[in-house]
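To start, the structure under review is shown below, and the notes come after it.
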Amino acid sequence: MPGKRSFEEQVAALDALRQQPEEARVEPLRKALAHRNNFIVAKAADLVRDFRIAELTPELLAAFDRFFDNPVKIDPQCWAKNGLSRALAALEHQDAEIYLRGMRHVQMEPVWGGQSDTAGTLRATCALALVQCRSLIDPDLLAHLVDLAADKDKSVRGEVARAIEQVGSPSASLLLRQRAVLGNDEPEVLGACYSGILRLEGVSAIPWIGRFLASADDKAAETALAIAGTHSVEGFNALRECFLEADDPWWRSVLLSAIALTRQDAALEFLLDLVRTESLNAEAAIEAIFRSMPSPEVIKRLEKLVAGNPRLTRAFAAQQETTRSESRPL
């Protein structure tokens, strides 16, 4: 309609608020949060989050409630509810019922050949936000999170595992252990469980977690990465022991990558020794060292070790080129 700004102009006006003083941002954002367009509201909510404007919390709540009414029509892809929930979480809003509503929401939208649930991100965001609600005691909080542990969306299940970890109690660790033992989930989700257990219990849990290395599959790879994430001598020792017993070339390369990611001096020397002795695993060791983003000094040591060996020199050059290609701007 004449006199009304186009959609592009409204988006540009919101972007321009980043250059405005704080006092000039509040009213335009208040108006944008009341807009009927879900993308405009989502963008405004992201700005409220970035600027941390707590006085607009009532407007965030009103908009959040509004976009649950006929949501497929007025909030396709859950853009508004996603942005609003992120903003409320960032502002540490404490009303648990808000996040529980988001955790329960399923939004089936038409796609080619049927329907698809677009509310997974919303459920995941609200699950993580629920952990910060101080009104909930740990047993009640964990009970709510467990309800989402079987969500059809694996990304939601992974975020629920991280939310359970953030509860930080012995009961939370036991729940993650139970999920790990059952093992009936995607590798990424189980990886979140393994990492959560190690962050909650520390290196004392490495022997227990180490049992999941035995399968030498994608789930075991997640186990290796979780152990590497402890950045500990104990983690390196567990991974080295597993490597020395491994036969499959793919599994050995996974373990070498994890060993490099422990960031331990002993791990680096172990990898360099594989190159020094011209082991059959030397190429995989070279790749693991490069992928762990080594210092220039380490690269120089590695270059000296491969000198005179055509096989390892080619592997070194190939990894150098890969590293250069990945660092080039698009």
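Please note that chains go A, B, ... in the order of the structure tokens, that every chain numbers its residues from 1, and that ligands are numbered from 1 in the order shown.
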I want to know what sits within 10 Å of Met293 of chain A, based on only C-alpha atoms, with residues of the same chain fewer than 4 positions away left out; could you give that as an mmCIF file with N, CA, C and O atoms, in the first residue's frame?
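Final file, around-v6.cif:
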```
data_model
loop_
_atom_site.group_PDB
_atom_site.id
_atom_site.type_symbol
_atom_site.label_atom_id
_atom_site.label_comp_id
_atom_site.auth_asym_id
_atom_site.auth_seq_id
_atom_site.Cartn_x
_atom_site.Cartn_y
_atom_site.Cartn_z
ATOM 1 N N ALA A 260 45.607 -36.882 18.558
ATOM 2 C CA ALA A 260 46.119 -35.530 18.284
ATOM 3 C C ALA A 260 45.300 -34.478 19.020
ATOM 4 O O ALA A 260 45.838 -33.482 19.519
ATOM 5 N N LEU A 261 43.996 -34.693 19.105
ATOM 6 C CA LEU A 261 43.108 -33.706 19.729
ATOM 7 C C LEU A 261 43.197 -33.671 21.248
ATOM 8 O O LEU A 261 42.634 -32.773 21.871
ATOM 9 N N ALA A 288 46.543 -36.511 11.043
ATOM 10 C CA ALA A 288 46.049 -36.185 12.385
ATOM 11 C C ALA A 288 46.764 -34.969 12.950
ATOM 12 O O ALA A 288 46.137 -34.095 13.570
ATOM 13 N N ILE A 289 48.062 -34.891 12.745
ATOM 14 C CA ILE A 289 48.823 -33.741 13.245
ATOM 15 C C ILE A 289 48.348 -32.463 12.565
ATOM 16 O O ILE A 289 48.105 -31.442 13.220
ATOM 17 N N VAL A 298 56.038 -27.358 15.101
ATOM 18 C CA VAL A 298 55.698 -28.773 14.912
ATOM 19 C C VAL A 298 55.753 -29.132 13.434
ATOM 20 O O VAL A 298 56.245 -30.203 13.049
ATOM 21 N N ILE A 299 55.259 -28.238 12.577
ATOM 22 C CA ILE A 299 55.295 -28.480 11.129
ATOM 23 C C ILE A 299 56.739 -28.630 10.651
ATOM 24 O O ILE A 299 57.058 -29.498 9.813
ATOM 25 N N THR A 323 45.407 -27.914 3.869
ATOM 26 C CA THR A 323 45.325 -26.868 4.887
ATOM 27 C C THR A 323 45.250 -25.491 4.245
ATOM 28 O O THR A 323 44.463 -24.638 4.671
#
```
Checklist entry - Which residues in segment 22-192 of chain A does DSSP call strand (DSSP E or B)? List them as number ranges by chain. => result A: 108-111, 114-117
Item to check | 12 Å contact set for Leu88 of chain A, only C-alpha atoms, chain neighbours under 3 positions out, as an MDAnalysis selection string | outcome: chainID A and resid 45:50 52:64 81:85 91:96 98:99 102 125:126 128:130 132:133
Next on the checklist: Using DSSP assignments from the backbone, pull out every residue in segment 140-208 of chain A that falls under alpha helix (DSSP H) and give it to me as a ChimeraX atom specification.
Outcome noted: /A:140-147,154-167,170-182,187-201,206-208
List every residue of segment 111-149 of chain A that has an atom at most 12 Å from any atom of segment 172-196 of chain A, giving for each one its closest atom pair and the distance in Å to one decimal, counting only C-alpha atoms, sorted by chain and then by ascending residue number, as CSV.
```
residue,atom,partner,partner_atom,distance
A:Val131,CA,A:Ala172,CA,11.7
A:Asp138,CA,A:Ala172,CA,8.6
A:Pro139,CA,A:Ala172,CA,9.2
A:Asp140,CA,A:Ala172,CA,11.7
A:Leu141,CA,A:Ala172,CA,10.0
A:Leu142,CA,A:Ala172,CA,7.3
A:Ala143,CA,A:Ala172,CA,10.4
A:Leu145,CA,A:Ala172,CA,10.3
A:Val146,CA,A:Leu175,CA,8.7
A:Ala149,CA,A:Arg179,CA,9.1
```
Since we have the selection now, will you write its residues out, keeping N, CA and C atoms, as a PDB file, in the first residue's frame?
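Everything below was put into part_31.pdb:
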```pdb
ATOM      1  N   VAL A 131      16.851 -25.107  31.985  1.00  0.00           N
ATOM      2  CA  VAL A 131      17.848 -25.411  33.017  1.00  0.00           C
ATOM      3  C   VAL A 131      18.147 -24.198  33.884  1.00  0.00           C
ATOM      4  N   ASP A 138      15.990 -29.936  40.985  1.00  0.00           N
ATOM      5  CA  ASP A 138      16.609 -30.843  40.026  1.00  0.00           C
ATOM      6  C   ASP A 138      15.729 -32.020  39.612  1.00  0.00           C
ATOM      7  N   PRO A 139      15.052 -32.707  40.539  1.00  0.00           N
ATOM      8  CA  PRO A 139      14.225 -33.848  40.098  1.00  0.00           C
ATOM      9  C   PRO A 139      13.132 -33.440  39.114  1.00  0.00           C
ATOM     10  N   ASP A 140      12.477 -32.295  39.366  1.00  0.00           N
ATOM     11  CA  ASP A 140      11.429 -31.840  38.450  1.00  0.00           C
ATOM     12  C   ASP A 140      12.016 -31.429  37.105  1.00  0.00           C
ATOM     13  N   LEU A 141      13.152 -30.751  37.156  1.00  0.00           N
ATOM     14  CA  LEU A 141      13.808 -30.329  35.926  1.00  0.00           C
ATOM     15  C   LEU A 141      14.197 -31.536  35.085  1.00  0.00           C
ATOM     16  N   LEU A 142      14.805 -32.526  35.705  1.00  0.00           N
ATOM     17  CA  LEU A 142      15.210 -33.720  34.962  1.00  0.00           C
ATOM     18  C   LEU A 142      14.004 -34.473  34.418  1.00  0.00           C
ATOM     19  N   ALA A 143      12.908 -34.483  35.167  1.00  0.00           N
ATOM     20  CA  ALA A 143      11.700 -35.162  34.690  1.00  0.00           C
ATOM     21  C   ALA A 143      11.178 -34.515  33.416  1.00  0.00           C
ATOM     22  N   LEU A 145      13.003 -32.818  31.240  1.00  0.00           N
ATOM     23  CA  LEU A 145      13.966 -33.075  30.170  1.00  0.00           C
ATOM     24  C   LEU A 145      13.866 -34.495  29.654  1.00  0.00           C
ATOM     25  N   VAL A 146      13.624 -35.443  30.552  1.00  0.00           N
ATOM     26  CA  VAL A 146      13.503 -36.845  30.138  1.00  0.00           C
ATOM     27  C   VAL A 146      12.343 -37.021  29.169  1.00  0.00           C
ATOM     28  N   ALA A 149      13.660 -36.786  25.815  1.00  0.00           N
ATOM     29  CA  ALA A 149      14.804 -37.638  25.483  1.00  0.00           C
ATOM     30  C   ALA A 149      14.509 -38.582  24.320  1.00  0.00           C
TER      31      ALA A 149
END
```
Item to check | segment 25-39 of chain A environment, 6 Å, only C-alpha atoms, sequence neighbours closer than 3 positions dropped, as a ChimeraX atom specification | outcome: /A:17,22,42,44,75,80
Writing out the chosen residues with N, CA, C and O atoms as a PDB file, in the first residue's frame:
```
ATOM      1  N   LEU A  17      19.668  -0.237  13.219  1.00  0.00           N
ATOM      2  CA  LEU A  17      19.635   0.036  14.655  1.00  0.00           C
ATOM      3  C   LEU A  17      20.967  -0.302  15.330  1.00  0.00           C
ATOM      4  O   LEU A  17      21.275   0.226  16.405  1.00  0.00           O
ATOM      5  N   GLU A  22      21.806   3.409  22.261  1.00  0.00           N
ATOM      6  CA  GLU A  22      20.897   2.485  22.937  1.00  0.00           C
ATOM      7  C   GLU A  22      19.498   3.054  23.108  1.00  0.00           C
ATOM      8  O   GLU A  22      18.495   2.364  22.899  1.00  0.00           O
ATOM      9  N   ALA A  42      11.247 -12.130  14.302  1.00  0.00           N
ATOM     10  CA  ALA A  42      12.438 -12.912  14.633  1.00  0.00           C
ATOM     11  C   ALA A  42      13.686 -12.035  14.621  1.00  0.00           C
ATOM     12  O   ALA A  42      14.547 -12.142  15.502  1.00  0.00           O
ATOM     13  N   ALA A  44      13.819  -8.776  15.053  1.00  0.00           N
ATOM     14  CA  ALA A  44      13.746  -7.862  16.193  1.00  0.00           C
ATOM     15  C   ALA A  44      14.137  -8.581  17.488  1.00  0.00           C
ATOM     16  O   ALA A  44      14.857  -8.026  18.328  1.00  0.00           O
ATOM     17  N   ASP A  75       3.415 -18.376  11.498  1.00  0.00           N
ATOM     18  CA  ASP A  75       4.834 -18.517  11.849  1.00  0.00           C
ATOM     19  C   ASP A  75       5.444 -19.751  11.191  1.00  0.00           C
ATOM     20  O   ASP A  75       5.941 -20.658  11.863  1.00  0.00           O
ATOM     21  N   ALA A  80       9.683 -16.893  14.166  1.00  0.00           N
ATOM     22  CA  ALA A  80       9.425 -15.953  15.267  1.00  0.00           C
ATOM     23  C   ALA A  80       9.639 -16.621  16.618  1.00  0.00           C
ATOM     24  O   ALA A  80      10.332 -16.070  17.489  1.00  0.00           O
TER      25      ALA A  80
END
```
Next on the checklist: Measuring between only C-alpha atoms, which one of A:Leu239, A:Trp208, A:Ala258, A:Leu312 shows the shortest distance to Val275 of chain A?
Outcome noted: A:Leu312
Item to check | For Leu305 of chain A: contacts at 10 Å, only C-alpha atoms, fewer than 2 positions along chain excluded, given as a PyMOL selection string | outcome: chain A and resi 272-273+275-278+299-303+307-309+312-313
Put those residues in a file: N, CA and C atoms, as a PDB file, in the first residue's frame.
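Saved the output as part.pdb:
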```
ATOM      1  N   LEU A 272      54.535 -38.311  16.106  1.00  0.00           N
ATOM      2  CA  LEU A 272      55.790 -38.055  15.396  1.00  0.00           C
ATOM      3  C   LEU A 272      56.645 -39.310  15.313  1.00  0.00           C
ATOM      4  N   ASP A 273      56.562 -40.138  16.329  1.00  0.00           N
ATOM      5  CA  ASP A 273      57.348 -41.372  16.316  1.00  0.00           C
ATOM      6  C   ASP A 273      56.852 -42.325  15.239  1.00  0.00           C
ATOM      7  N   VAL A 275      55.779 -41.380  12.402  1.00  0.00           N
ATOM      8  CA  VAL A 275      56.375 -40.854  11.181  1.00  0.00           C
ATOM      9  C   VAL A 275      57.875 -41.172  11.148  1.00  0.00           C
ATOM     10  N   ARG A 276      58.525 -40.961  12.283  1.00  0.00           N
ATOM     11  CA  ARG A 276      59.975 -41.193  12.359  1.00  0.00           C
ATOM     12  C   ARG A 276      60.333 -42.629  11.991  1.00  0.00           C
ATOM     13  N   THR A 277      59.517 -43.588  12.429  1.00  0.00           N
ATOM     14  CA  THR A 277      59.787 -45.010  12.175  1.00  0.00           C
ATOM     15  C   THR A 277      59.205 -45.486  10.849  1.00  0.00           C
ATOM     16  N   GLU A 278      58.613 -44.551  10.092  1.00  0.00           N
ATOM     17  CA  GLU A 278      58.019 -44.857   8.790  1.00  0.00           C
ATOM     18  C   GLU A 278      56.987 -45.982   8.902  1.00  0.00           C
ATOM     19  N   ILE A 299      55.259 -28.238  12.577  1.00  0.00           N
ATOM     20  CA  ILE A 299      55.295 -28.480  11.129  1.00  0.00           C
ATOM     21  C   ILE A 299      56.739 -28.630  10.651  1.00  0.00           C
ATOM     22  N   LYS A 300      57.624 -27.793  11.178  1.00  0.00           N
ATOM     23  CA  LYS A 300      59.032 -27.889  10.789  1.00  0.00           C
ATOM     24  C   LYS A 300      59.626 -29.234  11.222  1.00  0.00           C
ATOM     25  N   ARG A 301      59.282 -29.680  12.431  1.00  0.00           N
ATOM     26  CA  ARG A 301      59.766 -30.983  12.892  1.00  0.00           C
ATOM     27  C   ARG A 301      59.259 -32.099  11.985  1.00  0.00           C
ATOM     28  N   LEU A 302      57.987 -31.997  11.627  1.00  0.00           N
ATOM     29  CA  LEU A 302      57.375 -33.011  10.782  1.00  0.00           C
ATOM     30  C   LEU A 302      58.018 -33.023   9.394  1.00  0.00           C
ATOM     31  N   GLU A 303      58.286 -31.833   8.872  1.00  0.00           N
ATOM     32  CA  GLU A 303      58.890 -31.735   7.538  1.00  0.00           C
ATOM     33  C   GLU A 303      60.271 -32.394   7.514  1.00  0.00           C
ATOM     34  N   ALA A 307      61.498 -35.920   5.219  1.00  0.00           N
ATOM     35  CA  ALA A 307      62.502 -35.692   4.178  1.00  0.00           C
ATOM     36  C   ALA A 307      63.225 -37.002   3.838  1.00  0.00           C
ATOM     37  N   GLY A 308      63.326 -37.284   2.549  1.00  0.00           N
ATOM     38  CA  GLY A 308      64.013 -38.491   2.116  1.00  0.00           C
ATOM     39  C   GLY A 308      63.112 -39.687   1.922  1.00  0.00           C
ATOM     40  N   ASN A 309      61.847 -39.568   2.337  1.00  0.00           N
ATOM     41  CA  ASN A 309      60.896 -40.662   2.144  1.00  0.00           C
ATOM     42  C   ASN A 309      59.822 -40.189   1.167  1.00  0.00           C
ATOM     43  N   LEU A 312      56.068 -40.456   2.393  1.00  0.00           N
ATOM     44  CA  LEU A 312      55.666 -39.535   3.451  1.00  0.00           C
ATOM     45  C   LEU A 312      55.784 -38.083   3.008  1.00  0.00           C
ATOM     46  N   THR A 313      56.723 -37.818   2.114  1.00  0.00           N
ATOM     47  CA  THR A 313      56.837 -36.452   1.572  1.00  0.00           C
ATOM     48  C   THR A 313      55.574 -36.089   0.799  1.00  0.00           C
TER      49      THR A 313
END
```
Next on the checklist: Please compute the atom CA of Arg101 of chain A-atom CA of Pro170 of chain A distance, one decimal, in Å.
Outcome noted: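 It comes out at 27.0 Å.
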Next on the checklist: As an exercise, work out the distance from atom CA of Gly168 of chain A to atom CA of Leu198 of chain A in Å and give it to one decimal place.
Outcome noted: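 These two atoms are separated by 11.5 Å.
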